[in-house]
$ cat upload-v2.cif   # mmCIF, C-alpha atoms
data_entry
loop_
_atom_site.group_PDB
_atom_site.id
_atom_site.type_symbol
_atom_site.label_atom_id
_atom_site.label_comp_id
_atom_site.auth_asym_id
_atom_site.auth_seq_id
_atom_site.Cartn_x
_atom_site.Cartn_y
_atom_site.Cartn_z
ATOM 1 C CA MET A 1 19.629 15.491 25.797
ATOM 2 C CA LYS A 2 20.848 12.019 24.825
ATOM 3 C CA GLN A 3 17.502 10.537 25.858
ATOM 4 C CA CYS A 4 15.678 13.080 23.695
ATOM 5 C CA LEU A 5 17.835 12.231 20.667
ATOM 6 C CA PHE A 6 17.380 8.513 21.345
ATOM 7 C CA VAL A 7 13.568 8.863 21.429
ATOM 8 C CA LEU A 8 13.594 11.081 18.327
ATOM 9 C CA PHE A 9 15.771 8.573 16.442
ATOM 10 C CA PHE A 10 13.386 5.677 17.143
ATOM 11 C CA ALA A 11 10.335 7.794 16.361
ATOM 12 C CA VAL A 12 11.780 8.684 12.947
ATOM 13 C CA MET A 13 12.812 5.059 12.323
ATOM 14 C CA GLY A 14 9.315 3.875 13.202
ATOM 15 C CA VAL A 15 7.736 6.246 10.696
ATOM 16 C CA SER A 16 10.212 5.445 7.925
ATOM 17 C CA THR A 17 9.882 1.678 8.308
ATOM 18 C CA GLN A 18 6.075 1.566 8.386
ATOM 19 C CA ALA A 19 4.721 -0.489 5.545
ATOM 20 C CA GLN A 20 3.146 1.469 2.767
ATOM 21 C CA LYS A 21 -0.391 0.506 1.931
ATOM 22 C CA ILE A 22 -2.618 0.727 -1.075
ATOM 23 C CA ASN A 23 -4.846 3.788 -0.891
ATOM 24 C CA TRP A 24 -8.183 1.953 -0.941
ATOM 25 C CA ILE A 25 -11.239 4.149 -1.467
ATOM 26 C CA SER A 26 -14.909 3.398 -2.010
ATOM 27 C CA PHE A 27 -16.147 2.704 -5.527
ATOM 28 C CA ASN A 28 -18.375 5.775 -5.444
ATOM 29 C CA ASP A 29 -15.387 7.948 -4.434
ATOM 30 C CA ALA A 30 -13.316 6.395 -7.243
ATOM 31 C CA ILE A 31 -15.998 7.299 -9.811
ATOM 32 C CA THR A 32 -16.046 10.885 -8.516
ATOM 33 C CA ALA A 33 -12.226 11.110 -8.598
ATOM 34 C CA GLN A 34 -12.137 9.593 -12.082
ATOM 35 C CA LYS A 35 -14.339 12.425 -13.385
ATOM 36 C CA LYS A 36 -11.846 15.019 -12.098
ATOM 37 C CA ASN A 37 -8.663 13.145 -13.024
ATOM 38 C CA PRO A 38 -9.250 10.274 -15.473
ATOM 39 C CA LYS A 39 -7.315 7.147 -14.636
ATOM 40 C CA PRO A 40 -8.430 3.513 -14.382
ATOM 41 C CA ILE A 41 -10.123 2.013 -11.341
ATOM 42 C CA PHE A 42 -8.610 -1.177 -9.941
ATOM 43 C CA ILE A 43 -11.176 -3.246 -8.020
ATOM 44 C CA ASP A 44 -10.295 -6.091 -5.686
ATOM 45 C CA VAL A 45 -13.507 -8.157 -5.596
ATOM 46 C CA TYR A 46 -13.404 -10.293 -2.460
ATOM 47 C CA THR A 47 -15.544 -11.992 0.165
ATOM 48 C CA ASN A 48 -14.999 -12.266 3.917
ATOM 49 C CA TRP A 49 -14.836 -16.072 3.810
ATOM 50 C CA CYS A 50 -12.386 -16.439 0.882
ATOM 51 C CA PRO A 51 -8.896 -17.746 1.901
ATOM 52 C CA PRO A 52 -7.157 -16.708 -1.376
ATOM 53 C CA CYS A 53 -8.628 -13.202 -0.911
ATOM 54 C CA LYS A 54 -6.945 -12.997 2.487
ATOM 55 C CA MET A 55 -3.683 -14.221 0.917
ATOM 56 C CA LEU A 56 -3.875 -11.387 -1.633
ATOM 57 C CA ASP A 57 -4.170 -8.871 1.204
ATOM 58 C CA LYS A 58 -1.363 -10.424 3.240
ATOM 59 C CA ASN A 59 1.106 -11.077 0.406
ATOM 60 C CA THR A 60 0.402 -9.382 -2.916
ATOM 61 C CA PHE A 61 -1.231 -6.153 -1.737
ATOM 62 C CA ALA A 62 1.483 -5.722 0.910
ATOM 63 C CA ASP A 63 4.307 -5.877 -1.656
ATOM 64 C CA ARG A 64 5.978 -2.476 -1.987
ATOM 65 C CA GLN A 65 6.170 -2.619 -5.811
ATOM 66 C CA VAL A 66 2.471 -3.517 -6.076
ATOM 67 C CA VAL A 67 1.547 -0.781 -3.590
ATOM 68 C CA ASP A 68 3.576 1.836 -5.469
ATOM 69 C CA TYR A 69 2.307 0.768 -8.907
ATOM 70 C CA ILE A 70 -1.378 0.633 -7.959
ATOM 71 C CA ASN A 71 -1.234 3.914 -6.010
ATOM 72 C CA ALA A 72 0.470 5.681 -8.940
ATOM 73 C CA ASN A 73 -1.693 4.323 -11.755
ATOM 74 C CA TYR A 74 -5.146 3.500 -10.393
ATOM 75 C CA TYR A 75 -7.919 4.458 -8.053
ATOM 76 C CA ALA A 76 -7.965 1.356 -5.854
ATOM 77 C CA VAL A 77 -11.230 -0.103 -4.562
ATOM 78 C CA LYS A 78 -11.907 -3.078 -2.299
ATOM 79 C CA PHE A 79 -15.382 -4.380 -3.067
ATOM 80 C CA ASN A 80 -17.035 -7.039 -0.909
ATOM 81 C CA ALA A 81 -18.973 -9.117 -3.438
ATOM 82 C CA GLU A 82 -21.420 -10.115 -0.715
ATOM 83 C CA GLY A 83 -21.492 -6.821 1.201
ATOM 84 C CA ASN A 84 -24.267 -4.274 1.542
ATOM 85 C CA GLU A 85 -22.630 -1.136 0.113
ATOM 86 C CA SER A 86 -24.751 0.804 -2.378
ATOM 87 C CA ILE A 87 -22.907 1.303 -5.697
ATOM 88 C CA THR A 88 -23.816 3.781 -8.424
ATOM 89 C CA PHE A 89 -22.313 3.057 -11.821
ATOM 90 C CA GLY A 90 -23.501 4.710 -14.983
ATOM 91 C CA GLU A 91 -27.197 5.355 -14.610
ATOM 92 C CA LYS A 92 -27.860 2.450 -12.250
ATOM 93 C CA THR A 93 -27.624 1.935 -8.508
ATOM 94 C CA PHE A 94 -26.695 -1.567 -7.360
ATOM 95 C CA ALA A 95 -27.439 -3.123 -3.974
ATOM 96 C CA ASN A 96 -27.452 -6.467 -2.220
ATOM 97 C CA ARG A 97 -31.128 -7.143 -1.685
ATOM 98 C CA ASN A 98 -30.396 -10.546 -0.090
ATOM 99 C CA TYR A 99 -27.826 -9.268 2.399
ATOM 100 C CA ASP A 100 -28.191 -10.776 5.878
ATOM 101 C CA ALA A 101 -26.301 -8.896 8.607
ATOM 102 C CA ALA A 102 -26.273 -12.042 10.746
ATOM 103 C CA ARG A 103 -24.153 -13.713 8.046
ATOM 104 C CA ALA A 104 -21.762 -10.780 7.514
ATOM 105 C CA ASN A 105 -18.646 -12.923 8.122
ATOM 106 C CA SER A 106 -19.791 -15.989 6.210
ATOM 107 C CA ARG A 107 -21.429 -16.685 2.867
ATOM 108 C CA ASN A 108 -24.081 -14.098 2.150
ATOM 109 C CA GLY A 109 -26.291 -12.885 -0.660
ATOM 110 C CA THR A 110 -24.499 -11.818 -3.833
ATOM 111 C CA HIS A 111 -24.362 -8.089 -4.549
ATOM 112 C CA GLU A 112 -26.004 -6.947 -7.809
ATOM 113 C CA PHE A 113 -22.779 -5.171 -8.811
ATOM 114 C CA THR A 114 -20.940 -8.509 -8.548
ATOM 115 C CA ASN A 115 -23.305 -9.908 -11.172
ATOM 116 C CA HIS A 116 -22.947 -6.768 -13.305
ATOM 117 C CA LEU A 117 -19.165 -7.271 -13.330
ATOM 118 C CA GLU A 118 -19.759 -10.912 -14.305
ATOM 119 C CA ILE A 119 -17.702 -12.196 -11.379
ATOM 120 C CA ARG A 120 -17.753 -15.990 -11.216
ATOM 121 C CA ALA A 121 -15.137 -16.701 -8.526
ATOM 122 C CA TYR A 122 -13.100 -15.000 -5.797
ATOM 123 C CA PRO A 123 -10.809 -13.293 -5.730
ATOM 124 C CA SER A 124 -11.251 -11.356 -8.931
ATOM 125 C CA MET A 125 -9.573 -8.114 -9.878
ATOM 126 C CA ILE A 126 -11.211 -5.777 -12.364
ATOM 127 C CA VAL A 127 -9.866 -2.711 -14.160
ATOM 128 C CA ILE A 128 -12.421 -0.163 -15.334
ATOM 129 C CA GLU A 129 -11.133 2.520 -17.673
ATOM 130 C CA ALA A 130 -12.224 6.175 -17.576
ATOM 131 C CA ASN A 131 -14.688 5.397 -20.402
ATOM 132 C CA LYS A 132 -16.419 2.944 -17.982
ATOM 133 C CA LYS A 133 -15.337 -0.118 -19.978
ATOM 134 C CA ILE A 134 -13.849 -3.151 -18.254
ATOM 135 C CA SER A 135 -10.368 -3.671 -19.682
ATOM 136 C CA LYS A 136 -9.161 -6.481 -17.399
ATOM 137 C CA ASN A 137 -10.751 -9.283 -15.421
ATOM 138 C CA ILE A 138 -8.068 -11.109 -13.456
ATOM 139 C CA LEU A 139 -9.450 -14.243 -11.849
ATOM 140 C CA GLY A 140 -7.798 -15.878 -8.851
ATOM 141 C CA TYR A 141 -4.832 -15.350 -6.588
ATOM 142 C CA ARG A 142 -1.732 -13.727 -8.064
ATOM 143 C CA THR A 143 1.697 -13.223 -6.566
ATOM 144 C CA ALA A 144 3.059 -9.696 -6.636
ATOM 145 C CA GLU A 145 5.176 -10.489 -9.686
ATOM 146 C CA GLN A 146 2.252 -12.071 -11.550
ATOM 147 C CA LEU A 147 -0.081 -9.183 -10.786
ATOM 148 C CA LEU A 148 2.425 -6.566 -11.887
ATOM 149 C CA VAL A 149 2.868 -8.337 -15.229
ATOM 150 C CA GLU A 150 -0.912 -8.279 -15.766
ATOM 151 C CA LEU A 151 -1.294 -4.635 -14.751
ATOM 152 C CA LYS A 152 1.625 -3.182 -16.732
#

$ encode --input "upload-v2.cif" --output "structure tokens"
Amino acid sequence: MKQCLFVLFFAVMGVSTQAQKINWISFNDAITAQKKNPKPIFIDVYTNWCPPCKMLDKNTFADRQVVDYINANYYAVKFNAEGNESITFGEKTFANRNYDAARANSRNGTHEFTNHLEIRAYPSMIVIEANKKISKNILGYRTAEQLLVELK
């Protein structure tokens, strides 16, 4: 009996101490969700080779306050600016016509949606309102505290 309670205690502790994460969804899923329940879309525009992008993931996007705030107020999207995901926004479908699978983890062709968002450097964070207008373009690494100030 004691062993059973001991195992149960550590199982519950393991679940309760797991780090919360941002509920990242695809851009296309965010657009669909936004039609049903209008709220802004928060987009983390990153590349696989970008060190500050990795720092955002490790530090800022792991911060409990950032996680809670983004999950409560936005549809969160991670968008690889050099990836090959097809994106439909408005009446247009965007692709990466220069994508090279052999270069997936290094510099690659730039996605058309990256150009549409007018991204000039990585990381960038974009907020798109329910009316499809960009309301924020946050360029560069931000600490959790800095990002929360910009999002609130």

$ closest_residue --input "upload-v2.cif" --among "A:Asn131, A:Asn80, A:Thr32, A:Gln146" --to "A:Ala104" --atoms "all atoms listed in the file"
A:Asn80

$ atom_distance --input "upload-v2.cif" --atom1 "atom CA of A:Thr88" --atom2 "atom CA of A:Met55"
28.6 Å

$ resolve_selection --input "upload-v2.cif" --expression "the PyMOL selection byres ((chain A and resi 50) around 10)" --output "JSON, numbers by chain"
{"A": [46, 47, 48, 49, 51, 52, 53, 54, 55, 106, 107, 121, 122, 123]}

$ closest_residue --input "upload-v2.cif" --among "A:Ile70, A:Val45, A:Ala130, A:Leu56" --to "A:Gly83" --atoms "only C-alpha atoms"
A:Val45

$ atom_distance --input "upload-v2.cif" --atom1 "atom CA of A:Ala102" --atom2 "atom CA of A:Asp29"
27.4 Å

$ closest_residue --input "upload-v2.cif" --among "A:Val127, A:Lys58, A:Ala76, A:Ile31" --to "A:Lys152" --atoms "all atoms listed in the file"
A:Val127

$ atom_distance --input "upload-v2.cif" --atom1 "atom CA of A:Thr143" --atom2 "atom CA of A:Ile126"
16.0 Å

$ closest_residue --input "upload-v2.cif" --among "A:Asp68, A:Glu82, A:Asp63, A:Asp57" --to "A:Ile119" --atoms "all atoms listed in the file"
A:Glu82
